[in-house]
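Down below is the structure, laid out as structure tokens.
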Amino acid sequence: MIAAVIFDLDGVLVDSESVWDSVREQLTRESGGRWHDHAQRDMMGMSSLEWSRYMHETMGVPMPPDEISRLVVARLEDRYRRDLPLLPGAVETVRDLAGAWPLGLASSSNRPIIDLVLDLTSLTDCFAATVSSEEVERGKPAPDVYLEAARRLDVEPAACAAIEDSTNGIRAGKAAGMLVAVVPRPDFPPAHDALELADVVLDSLVELPAALDRLR
């Protein structure tokens, strides 16, 4: 039985992967670092502590990881304030499900980004708990961020549905013992072996309420 629903943010509610990619690539190149084609996939799901360290150590960005994270977040906030790339049905789906279940959010985004998106969409009150992976020990594919969201919701992980799009997110939800519903992004599709772990695969977020009702 599903007692709570926990959303990912990037790639589920916000079409943000290309924005993160652009901002981090720009900072890397401007500072004399070494950007490479698979950098975005490597960093998907990492916490801010992990990806900023990756940019410093692997791509040679010549500043401390905490400064890298601060600059990336500042640039991303500016982009979002000018044009928030919401995915179709994101706001409507969250509001629909908030009337049926307690909702959580388990995201690899930094806390300021989570709070900004929820503020810009007026969805803050829909979520009973939100967790950034910078607030737990390990980012996705480790289950930490999902387990912490379930703890804050006071719901057993096995009674939660995780809503995901990415390889590392799917693996994190399954490692937490949750039912995982996946809405794959065509531009950043999950690996086939990760997609096979999903309990439900949907073509669109707007299909989610009906799918969860069937599983309920």
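Ordering of the structure tokens sets the chain letters (A, B, ...), residue numbers begin anew at 1 in every chain, and ligands are numbered from 1 in the order given.
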
Can you list, as a ChimeraX atom specification, every protein, DNA or RNA residue that comes within 6 Å of A:Glu164 when you count only C-alpha atoms, leaving out same-chain residues fewer than 6 positions away? /A:8,170,182

Limited to C-alpha atoms, could you put the picked residues into a file as a compact mmCIF listing (two decimals), in the first residue's frame?
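What landed in part08.txt:
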```txt
# COMPACT_ATOMS: atom_id res chain seq x y z
CA ASP A 8 12.64 13.85 -7.54
CA ILE A 170 15.92 4.81 -9.98
CA VAL A 182 9.70 6.37 -13.78
```

Please list as a compact mmCIF listing (two decimals) with C-alpha atoms, in the first residue's frame every residue within 10 Å of A:Gln26, counting only C-alpha atoms and excluding residues in the same chain fewer than 6 positions away.
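Okay, this is what ended up in result-v5.txt:
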```txt
# COMPACT_ATOMS: atom_id res chain seq x y z
CA TRP A 20 22.82 22.42 -15.08
CA GLY A 33 39.12 23.59 -16.56
CA TRP A 35 35.08 19.86 -19.73
CA VAL A 72 26.93 27.32 -10.01
```

Assign secondary structure with DSSP using the backbone only, and return the residues of stretch 92-160 of chain A in helix (DSSP H, G or I) as an MDAnalysis selection string. chainID A and resid 92:98 111:120 124:126 133:135 144:153 157:159

Surrounding residues of A:Arg70 excluding itself and chain neighbours under 4 positions, 10 Å, only C-alpha atoms, as a list of chain:residue names: A:Ser48, A:Ser52, A:Pro65, A:Asp66, A:Ala74, A:Arg75, A:Leu76, A:Asn110

Can you write out the residues you just picked, keeping N, CA and C atoms, as an mmCIF file, in the first residue's frame?
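Everything below was put into result-v8.cif:
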```
data_model
loop_
_atom_site.group_PDB
_atom_site.id
_atom_site.type_symbol
_atom_site.label_atom_id
_atom_site.label_comp_id
_atom_site.auth_asym_id
_atom_site.auth_seq_id
_atom_site.Cartn_x
_atom_site.Cartn_y
_atom_site.Cartn_z
ATOM 1 N N SER A 48 25.768 18.189 -4.051
ATOM 2 C CA SER A 48 26.601 19.353 -4.372
ATOM 3 C C SER A 48 28.034 19.165 -3.875
ATOM 4 N N SER A 52 30.784 19.229 -6.960
ATOM 5 C CA SER A 52 31.751 20.338 -6.910
ATOM 6 C C SER A 52 33.168 19.797 -6.715
ATOM 7 N N PRO A 65 35.953 23.491 -3.896
ATOM 8 C CA PRO A 65 34.627 22.957 -4.221
ATOM 9 C C PRO A 65 33.474 23.793 -3.686
ATOM 10 N N ASP A 66 33.597 24.354 -2.479
ATOM 11 C CA ASP A 66 32.481 25.141 -1.954
ATOM 12 C C ASP A 66 32.258 26.417 -2.760
ATOM 13 N N ALA A 74 24.380 30.212 -7.896
ATOM 14 C CA ALA A 74 24.020 31.607 -8.191
ATOM 15 C C ALA A 74 23.611 31.775 -9.649
ATOM 16 N N ARG A 75 24.339 31.142 -10.550
ATOM 17 C CA ARG A 75 24.011 31.244 -11.977
ATOM 18 C C ARG A 75 22.702 30.512 -12.291
ATOM 19 N N LEU A 76 22.506 29.367 -11.650
ATOM 20 C CA LEU A 76 21.275 28.609 -11.881
ATOM 21 C C LEU A 76 20.059 29.372 -11.350
ATOM 22 N N ASN A 110 20.801 21.648 -4.757
ATOM 23 C CA ASN A 110 21.124 22.345 -3.515
ATOM 24 C C ASN A 110 19.848 22.879 -2.871
#
```

So that I can check the surroundings of stretch 194-204 of chain A, please list as number ranges by chain every protein, DNA and RNA residue that reaches within 6 Å of it, counting only C-alpha atoms and ignoring chain neighbours fewer than 6 positions away. A: 167, 180-183

The selected residues should be written to file as a PDB file, in the first residue's frame (atoms: N, CA and C atoms).
```pdb
ATOM      1  N   THR A 167      18.938   7.204 -14.168  1.00  0.00           N
ATOM      2  CA  THR A 167      19.574   5.952 -13.747  1.00  0.00           C
ATOM      3  C   THR A 167      19.873   5.949 -12.256  1.00  0.00           C
ATOM      4  N   VAL A 180       9.036   2.312  -7.336  1.00  0.00           N
ATOM      5  CA  VAL A 180       9.612   3.369  -8.172  1.00  0.00           C
ATOM      6  C   VAL A 180       8.808   3.507  -9.463  1.00  0.00           C
ATOM      7  N   ALA A 181       8.260   4.689  -9.670  1.00  0.00           N
ATOM      8  CA  ALA A 181       7.589   5.040 -10.920  1.00  0.00           C
ATOM      9  C   ALA A 181       8.515   5.954 -11.706  1.00  0.00           C
ATOM     10  N   VAL A 182       8.720   5.654 -12.971  1.00  0.00           N
ATOM     11  CA  VAL A 182       9.697   6.366 -13.783  1.00  0.00           C
ATOM     12  C   VAL A 182       9.027   7.046 -14.970  1.00  0.00           C
ATOM     13  N   VAL A 183       9.378   8.313 -15.160  1.00  0.00           N
ATOM     14  CA  VAL A 183       8.985   9.058 -16.364  1.00  0.00           C
ATOM     15  C   VAL A 183      10.291   9.406 -17.075  1.00  0.00           C
TER      16      VAL A 183
END
```

Mind listing the strand (DSSP E) residues of stretch 111-206 of chain A, per DSSP on the backbone, as a PyMOL selection string? chain A and resi 129-132+160-164+179-182+200-201

Filtering to C-alpha atoms, could you give me those residues as a PDB file, in the first residue's frame?
```
ATOM      1  CA  ALA A 129       9.070  17.196   3.657  1.00  0.00           C
ATOM      2  CA  THR A 130      11.865  18.210   1.288  1.00  0.00           C
ATOM      3  CA  VAL A 131      15.434  16.914   1.366  1.00  0.00           C
ATOM      4  CA  SER A 132      18.538  17.945  -0.541  1.00  0.00           C
ATOM      5  CA  CYS A 160       6.520   5.141  -0.302  1.00  0.00           C
ATOM      6  CA  ALA A 161       6.451   5.641  -4.062  1.00  0.00           C
ATOM      7  CA  ALA A 162       9.518   7.363  -5.521  1.00  0.00           C
ATOM      8  CA  ILE A 163       8.998   9.317  -8.738  1.00  0.00           C
ATOM      9  CA  GLU A 164      12.143   9.354 -10.859  1.00  0.00           C
ATOM     10  CA  LEU A 179       8.095   1.425  -5.272  1.00  0.00           C
ATOM     11  CA  VAL A 180       9.612   3.369  -8.172  1.00  0.00           C
ATOM     12  CA  ALA A 181       7.589   5.040 -10.920  1.00  0.00           C
ATOM     13  CA  VAL A 182       9.697   6.366 -13.783  1.00  0.00           C
ATOM     14  CA  VAL A 200       5.967   1.525 -13.364  1.00  0.00           C
ATOM     15  CA  VAL A 201       7.190   3.298 -16.513  1.00  0.00           C
TER      16      VAL A 201
END
```

May I have the residues within 8 Å of A:Arg34 as a count of residues only, using only C-alpha atoms and disregarding those fewer than 5 positions away in the same chain? 5

Using only C-alpha atoms, which of A:Pro88, A:Ala98, A:Ser166, A:Val73 sits nearest A:Thr124? A:Ala98
